[in-house]
>>> print(open('my_file-v1.txt').read())   # compact mmCIF, C-alpha atoms
# COMPACT_ATOMS: atom_id res chain seq x y z
CA MET A 1 -35.17 63.12 68.55
CA THR A 2 -38.04 60.84 69.54
CA GLU A 3 -38.48 59.04 66.18
CA ILE A 4 -36.52 55.87 65.47
CA PHE A 5 -35.76 57.11 61.95
CA LYS A 6 -35.99 60.43 60.15
CA ILE A 7 -34.84 61.62 56.72
CA TYR A 8 -35.22 65.08 55.22
CA LYS A 9 -33.73 67.54 52.75
CA PHE A 10 -31.78 70.64 53.78
CA GLY A 11 -31.63 73.43 51.18
CA VAL A 12 -30.85 77.09 50.50
CA GLU A 13 -33.74 78.43 52.59
CA ASP A 14 -32.67 76.26 55.52
CA VAL A 15 -29.14 77.70 55.34
CA GLU A 16 -30.55 81.20 55.74
CA LYS A 17 -32.70 80.13 58.70
CA ASN A 18 -29.79 78.27 60.30
CA GLU A 19 -27.52 81.34 60.17
CA VAL A 20 -29.67 83.21 62.72
CA LEU A 21 -29.63 80.30 65.18
CA LEU A 22 -27.08 79.93 67.96
CA ASN A 23 -25.26 76.81 66.78
CA GLU A 24 -22.77 75.87 69.48
CA PRO A 25 -20.82 72.58 69.66
CA HIS A 26 -23.15 69.91 71.04
CA SER A 27 -23.87 66.18 71.13
CA HIS A 28 -27.09 64.31 70.47
CA ASN A 29 -28.71 61.02 71.39
CA TYR A 30 -28.99 59.69 67.82
CA GLU A 31 -26.79 58.81 64.87
CA GLU A 32 -26.64 61.37 62.06
CA LEU A 33 -25.61 60.97 58.43
CA ILE A 34 -25.35 63.99 56.12
CA ILE A 35 -24.91 63.51 52.38
CA GLY A 36 -23.86 66.66 50.56
CA ILE A 37 -25.16 66.94 47.00
CA GLU A 38 -24.55 70.67 46.52
CA GLY A 39 -23.08 73.35 48.76
CA GLN A 40 -20.62 72.86 51.59
CA ILE A 41 -20.39 72.17 55.30
CA ASP A 42 -18.20 73.72 57.98
CA HIS A 43 -17.84 70.81 60.35
CA PHE A 44 -16.32 71.14 63.81
CA ILE A 45 -15.58 67.64 65.13
CA ASP A 46 -12.69 65.95 66.94
CA PHE A 47 -11.63 69.47 68.00
CA ASN A 48 -10.96 70.53 64.40
CA SER A 49 -13.04 72.65 62.05
CA THR A 50 -12.91 71.79 58.34
CA VAL A 51 -14.90 73.00 55.36
CA PHE A 52 -15.98 70.26 52.92
CA ASN A 53 -17.43 70.99 49.50
CA ALA A 54 -20.05 68.67 48.03
CA PRO A 55 -20.16 65.85 47.25
CA PHE A 56 -19.31 64.58 50.73
CA ILE A 57 -20.43 62.31 53.54
CA SER A 58 -20.47 63.31 57.21
CA PHE A 59 -21.36 60.75 59.85
CA VAL A 60 -21.65 61.78 63.50
CA THR A 61 -21.95 59.05 66.10
CA LYS A 62 -24.20 59.40 69.10
CA GLY A 63 -22.68 61.46 71.91
CA LYS A 64 -19.84 62.95 69.85
CA VAL A 65 -19.38 66.71 70.29
CA HIS A 66 -19.64 68.52 66.97
CA ARG A 67 -21.10 71.50 65.14
CA ALA A 68 -22.24 71.27 61.52
CA LYS A 69 -22.85 74.54 59.66
CA PRO A 70 -24.17 73.91 56.12
CA GLY A 71 -23.40 76.70 53.67
CA LEU A 72 -23.84 77.80 50.09
CA LYS A 73 -21.42 76.97 47.29
CA ASP A 74 -22.08 78.77 44.00
CA GLY A 75 -25.39 79.81 45.51
CA LYS A 76 -26.49 76.20 46.05
CA CYS A 77 -27.08 73.90 48.99
CA ASP A 78 -28.72 70.49 48.80
CA LEU A 79 -28.21 67.92 51.56
CA TRP A 80 -29.83 64.73 52.69
CA VAL A 81 -29.95 64.50 56.49
CA ILE A 82 -30.64 61.07 58.00
CA ARG A 83 -31.11 60.57 61.72
CA PHE A 84 -31.76 57.25 63.41
CA SER A 85 -31.50 55.60 66.80
CA SER A 86 -28.71 53.14 67.54
CA GLU A 87 -31.29 50.41 67.96
CA PHE A 88 -32.53 50.83 64.39
CA ILE A 89 -29.56 48.96 62.89
CA PRO A 90 -27.89 47.42 65.98
CA GLU A 91 -26.07 44.77 63.95
CA THR A 92 -23.96 47.40 62.13
CA VAL A 93 -23.88 50.43 64.41
CA PHE A 94 -20.67 49.37 66.19
CA GLN A 95 -18.97 48.87 62.84
CA LEU A 96 -19.96 52.42 61.98
CA TYR A 97 -18.36 53.66 65.19
CA SER A 98 -15.05 52.02 64.25
CA TYR A 99 -15.20 53.20 60.63
CA TYR A 100 -15.96 56.82 61.44
CA HIS A 101 -14.37 57.28 64.86
CA ASN A 102 -11.43 59.27 63.49
CA GLU A 103 -12.79 60.10 60.04
CA ALA A 104 -16.22 61.70 60.28
CA ASN A 105 -16.04 63.37 56.85
CA ILE A 106 -15.41 61.71 53.50
CA SER A 107 -15.06 63.48 50.16
CA LEU A 108 -16.73 61.67 47.27
CA GLN A 109 -16.62 61.73 43.49
CA ARG A 110 -19.70 62.84 41.57
CA ASP A 111 -20.00 59.55 39.73
CA MET A 112 -22.41 56.64 39.21
CA CYS A 113 -21.85 55.33 42.75
CA PHE A 114 -22.78 58.70 44.21
CA SER A 115 -25.93 58.71 42.07
CA ARG A 116 -26.87 55.32 43.52
CA LEU A 117 -26.41 56.69 47.05
CA LEU A 118 -28.87 59.45 46.22
CA SER A 119 -31.31 56.94 44.77
CA LEU A 120 -31.25 54.98 48.04
CA CYS A 121 -31.94 58.21 49.96
CA GLU A 122 -34.86 58.96 47.66
CA MET A 123 -36.31 55.49 48.21
CA MET A 124 -35.96 55.80 51.98
CA TYR A 125 -37.62 59.19 51.92
CA MET A 126 -40.53 57.98 49.77
CA GLU A 127 -41.08 55.01 52.10
CA SER A 128 -40.86 57.23 55.20
CA ILE A 129 -43.66 59.54 54.05
CA GLN A 130 -46.09 56.68 53.42
CA GLU A 131 -49.12 56.59 55.68
CA GLU A 132 -47.80 53.39 57.24
CA PRO A 133 -44.07 53.24 56.38
CA ASP A 134 -42.39 49.83 56.44
CA LEU A 135 -39.39 50.26 58.75
CA GLY A 136 -38.04 46.90 57.59
CA ILE A 137 -37.63 48.27 54.07
CA ILE A 138 -36.02 51.47 55.35
CA ARG A 139 -33.65 49.43 57.53
CA GLN A 140 -32.53 47.37 54.54
CA LEU A 141 -32.05 50.47 52.40
CA LEU A 142 -30.07 52.21 55.14
CA GLY A 143 -27.85 49.15 55.53
CA ALA A 144 -27.25 49.12 51.77
CA LEU A 145 -26.44 52.83 51.87
CA PHE A 146 -23.75 52.36 54.52
CA THR A 147 -22.35 49.35 52.66
CA MET A 148 -21.91 51.46 49.53
CA ILE A 149 -20.39 54.34 51.48
CA GLU A 150 -17.92 51.98 53.15
CA SER A 151 -16.95 50.60 49.74
CA GLU A 152 -16.21 54.14 48.54
CA ARG A 153 -14.29 54.88 51.75
CA ARG A 154 -12.09 51.80 51.26
CA LYS A 155 -11.39 52.70 47.64
CA SER A 156 -10.46 56.24 48.63
CA LYS A 157 -8.18 54.93 51.37
CA LEU A 158 -6.45 52.52 48.98
CA GLU A 159 -5.94 55.34 46.48
CA ASN A 160 -4.47 57.53 49.21
CA GLU A 161 -2.19 54.70 50.37
CA SER A 162 -1.08 54.18 46.78
CA ILE A 163 -0.30 57.90 46.48
CA GLU A 164 1.67 57.79 49.74
CA LYS A 165 3.65 54.76 48.52
CA THR A 166 4.47 56.59 45.30
CA LYS A 167 5.61 59.65 47.26
CA SER A 168 7.77 57.47 49.51
CA LEU A 169 9.40 55.75 46.52
CA THR A 170 10.06 59.12 44.87
CA PHE A 171 11.71 60.41 48.01
CA LYS A 172 13.89 57.29 48.30
CA ASN A 173 15.00 57.75 44.70
CA PHE A 174 15.81 61.39 45.46
CA LEU A 175 18.01 60.31 48.38
CA ILE A 176 19.80 57.78 46.15
CA LEU A 177 20.49 60.52 43.59
CA LEU A 178 21.61 62.84 46.37
CA GLU A 179 24.25 60.35 47.48
CA GLN A 180 25.57 60.27 43.92
CA HIS A 181 25.57 64.01 43.29
CA TYR A 182 25.63 65.96 46.55
CA THR A 183 29.24 67.08 45.97
CA LYS A 184 28.13 68.90 42.83
CA PRO A 185 26.80 72.49 42.85
CA GLU A 186 23.31 71.31 41.93
CA GLY A 187 19.97 72.44 43.34
CA ALA A 188 16.36 71.24 43.46
CA ASN A 189 15.79 71.61 39.70
CA PHE A 190 18.62 69.16 38.94
CA TYR A 191 17.12 66.41 41.10
CA ALA A 192 13.57 67.11 39.94
CA ASP A 193 14.70 66.76 36.31
CA LYS A 194 16.41 63.47 37.12
CA LEU A 195 13.12 62.23 38.64
CA SER A 196 11.04 63.56 35.72
CA MET A 197 8.97 65.84 37.90
CA SER A 198 8.68 69.50 38.83
CA SER A 199 10.81 70.94 41.61
CA ARG A 200 7.59 72.15 43.25
CA ASN A 201 6.23 68.61 43.56
CA LEU A 202 9.55 67.28 44.80
CA ASN A 203 9.59 70.02 47.43
CA LEU A 204 6.04 69.15 48.50
CA ILE A 205 7.04 65.51 49.02
CA SER A 206 10.17 66.50 50.93
CA GLN A 207 8.23 68.86 53.16
CA ARG A 208 5.63 66.19 53.86
CA ILE A 209 8.16 63.50 54.77
CA LEU A 210 11.00 65.44 56.45
CA GLN A 211 9.47 68.91 56.90
CA GLN A 212 12.43 70.31 54.94
CA SER A 213 12.78 71.72 51.45
CA VAL A 214 14.95 69.95 48.88
CA SER A 215 17.56 72.73 49.21
CA GLU A 216 17.66 72.25 52.98
CA ILE A 217 18.12 68.48 52.58
CA ILE A 218 20.95 69.03 50.08
CA GLU A 219 22.63 71.48 52.45
CA THR A 220 22.24 69.04 55.36
CA ARG A 221 23.89 66.25 53.36
CA LYS A 222 26.78 68.53 52.41
CA LEU A 223 27.12 69.59 56.05
CA ILE A 224 27.37 65.98 57.23
CA GLN A 225 30.21 65.33 54.81
CA ALA A 226 31.86 68.65 55.67
CA LYS A 227 31.90 67.69 59.35
CA ASN A 228 33.32 64.31 58.46
CA LEU A 229 36.13 65.85 56.40
CA LEU A 230 36.86 68.51 59.03
CA THR A 231 37.18 65.78 61.67
CA THR A 232 39.05 63.08 59.79
CA THR A 233 41.28 64.90 57.26
CA ASP A 234 43.80 67.71 57.09
CA MET A 235 42.10 69.31 54.07
CA THR A 236 41.84 73.08 54.27
CA ILE A 237 38.45 74.68 54.68
CA SER A 238 38.65 76.03 51.13
CA GLU A 239 39.48 72.55 49.80
CA ILE A 240 36.53 71.03 51.67
CA GLY A 241 34.18 73.73 50.41
CA PHE A 242 35.34 73.20 46.83
CA ALA A 243 35.03 69.39 47.17
CA LEU A 244 31.39 69.87 48.19
CA GLY A 245 30.48 72.09 45.27
CA PHE A 246 30.87 75.50 46.89
CA SER A 247 32.61 77.92 44.52
CA GLU A 248 33.26 80.49 47.25
CA ASN A 249 34.82 79.82 50.64
CA THR A 250 32.82 82.61 52.28
CA TYR A 251 29.53 81.08 51.15
CA PHE A 252 30.55 77.65 52.42
CA THR A 253 31.43 79.18 55.81
CA HIS A 254 28.10 81.05 55.87
CA VAL A 255 26.06 77.90 55.14
CA PHE A 256 28.06 75.82 57.61
CA LYS A 257 27.58 78.31 60.45
CA LYS A 258 23.87 78.72 59.65
CA LYS A 259 23.36 74.98 59.96
CA SER A 260 25.70 74.13 62.84
CA GLY A 261 26.08 77.36 64.79
CA LEU A 262 29.87 77.28 64.37
CA THR A 263 32.25 78.24 61.59
CA PRO A 264 34.19 75.35 59.99
CA SER A 265 37.33 76.44 61.89
CA GLU A 266 35.48 76.57 65.22
CA PHE A 267 33.92 73.17 64.57
CA ARG A 268 37.33 71.61 63.76
CA SER A 269 38.82 73.03 66.94
CA GLU A 270 35.94 71.69 69.04
CA MET A 271 36.29 68.24 67.51
CA LYS A 272 40.05 68.17 68.18
CA LYS A 273 39.38 68.94 71.85
CA LEU A 274 36.85 66.13 72.07
CA ILE A 275 39.00 63.58 70.25
CA SER A 276 42.35 64.38 71.92
>>> encode(input="my_file-v1.txt", output="structure tokens")
Amino acid sequence: MTEIFKIYKFGVEDVEKNEVLLNEPHSHNYEELIIGIEGQIDHFIDFNSTVFNAPFISFVTKGKVHRAKPGLKDGKCDLWVIRFSSEFIPETVFQLYSYYHNEANISLQRDMCFSRLLSLCEMMYMESIQEEPDLGIIRQLLGALFTMIESERRKSKLENESIEKTKSLTFKNFLILLEQHYTKPEGANFYADKLSMSSRNLNLISQRILQQSVSEIIETRKLIQAKNLLTTTDMTISEIGFALGFSENTYFTHVFKKKSGLTPSEFRSEMKKLIS
């Protein structure tokens, strides 16, 4: 790009034209901001390819390898594409690099703030097509656009952090309940009911934090206590299984071996060798 600033619309017809072009991962010598109003974008950047549905923001810093493939969503595609040189807003371009270095794409809500972003794009476009466009006005509008986007990005991040904190608290409460009830023959539904949530959501949180299902975590806790009792008491294997909520000795042995690789008897023998 030879211009210092350029803004244009990308629509349905452009998608069709773009599909016949060889669009390989590449880098460019300018900054690029894409605002998705309708449609979607398949964006390969940071060695990952992700599809984002509008409304969204994609910002690609100069020199970063990427490939953006706009597409139709419900038969629609409507994007603003803004390209500018680093020198156009030098006072903020390094902030942009830090903001978007590891987060090139941002999903937005279709709300009043998004409407204001589009209004700023419209004003920049109208100024750019004047016979003698005032770059000072465009620069101010572009700065305001990035300020508003950053405000939305921060709000989204805070909301995500709040969600993560809630998930973490829920999981801690699950572990507290588990300590109180793990000796009972209770499964995921029991703990989910205690936490006033669905077992599906509790499983999703458990998978996210420990990469284990609730049932697996319950079994692991029982196994820890089983090993403790096998090592420190003379209780029979049947007694230990019953104390941990297993109604059948064979099932307790099956679960124990699946988790530890040894039967309860084999584990007890191994521990006696180590301790003696």
>>> closest_residue(input="my_file-v1.txt", among="A:Leu72, A:Met271, A:Ile82, A:Ile176", to="Phe146 of chain A", atoms="all atoms listed in the file")
A:Ile82
>>> residues_around(input="my_file-v1.txt", residues="Lys258 of chain A", least_positions_apart="4", cutoff="12 Å", atoms="all atoms listed in the file", output="number ranges by chain")
A: 216, 219-220, 223, 251-254, 262-264
>>> closest_residue(input="my_file-v1.txt", among="A:Ile218, A:Val255, A:Leu244, A:Leu169", to="Tyr191 of chain A", atoms="all atoms listed in the file")
A:Ile218
>>> residues_near_point(input="my_file-v1.txt", point="(-13.2, 72.3, 56.8)", cutoff="12 Å", atoms="all atoms listed in the file", output="PyMOL selection string")
chain A and resi 40-54+56+58+67-71+104-107
>>> atom_distance(input="my_file-v1.txt", atom1="atom CA of Ile89 of chain A", atom2="atom CA of Arg139 of chain A")
6.8 Å
>>> residues_around(input="my_file-v1.txt", residues="Glu13 of chain A", least_positions_apart="5", cutoff="12 Å", atoms="only C-alpha atoms", output="list in words")
Asn18, Glu19, Val20, Pro70, Gly71, Leu72, Gly75, Lys76, Cys77, Asp78 and Leu79 of chain A
>>> atom_distance(input="my_file-v1.txt", atom1="atom CA of Lys155 of chain A", atom2="atom CA of Gly39 of chain A")
23.8 Å
>>> atom_distance(input="my_file-v1.txt", atom1="atom CA of Trp80 of chain A", atom2="atom CA of Met123 of chain A")
12.1 Å
>>> residues_around(input="my_file-v1.txt", residues="Ser215 of chain A", least_positions_apart="2", cutoff="12 Å", atoms="only C-alpha atoms", output="count of residues only")
26
>>> residues_near_point(input="my_file-v1.txt", point="(-25.2, 61.8, 69.1)", cutoff="7 Å", atoms="all atoms listed in the file", output="list in words")
Ser27, His28, Asn29, Tyr30, Glu31, Val60, Thr61, Lys62, Gly63 and Lys64 of chain A
>>> closest_residue(input="my_file-v1.txt", among="A:Ile7, A:Leu204, A:Leu195, A:Ile57", to="Glu150 of chain A", atoms="all atoms listed in the file")
A:Ile57
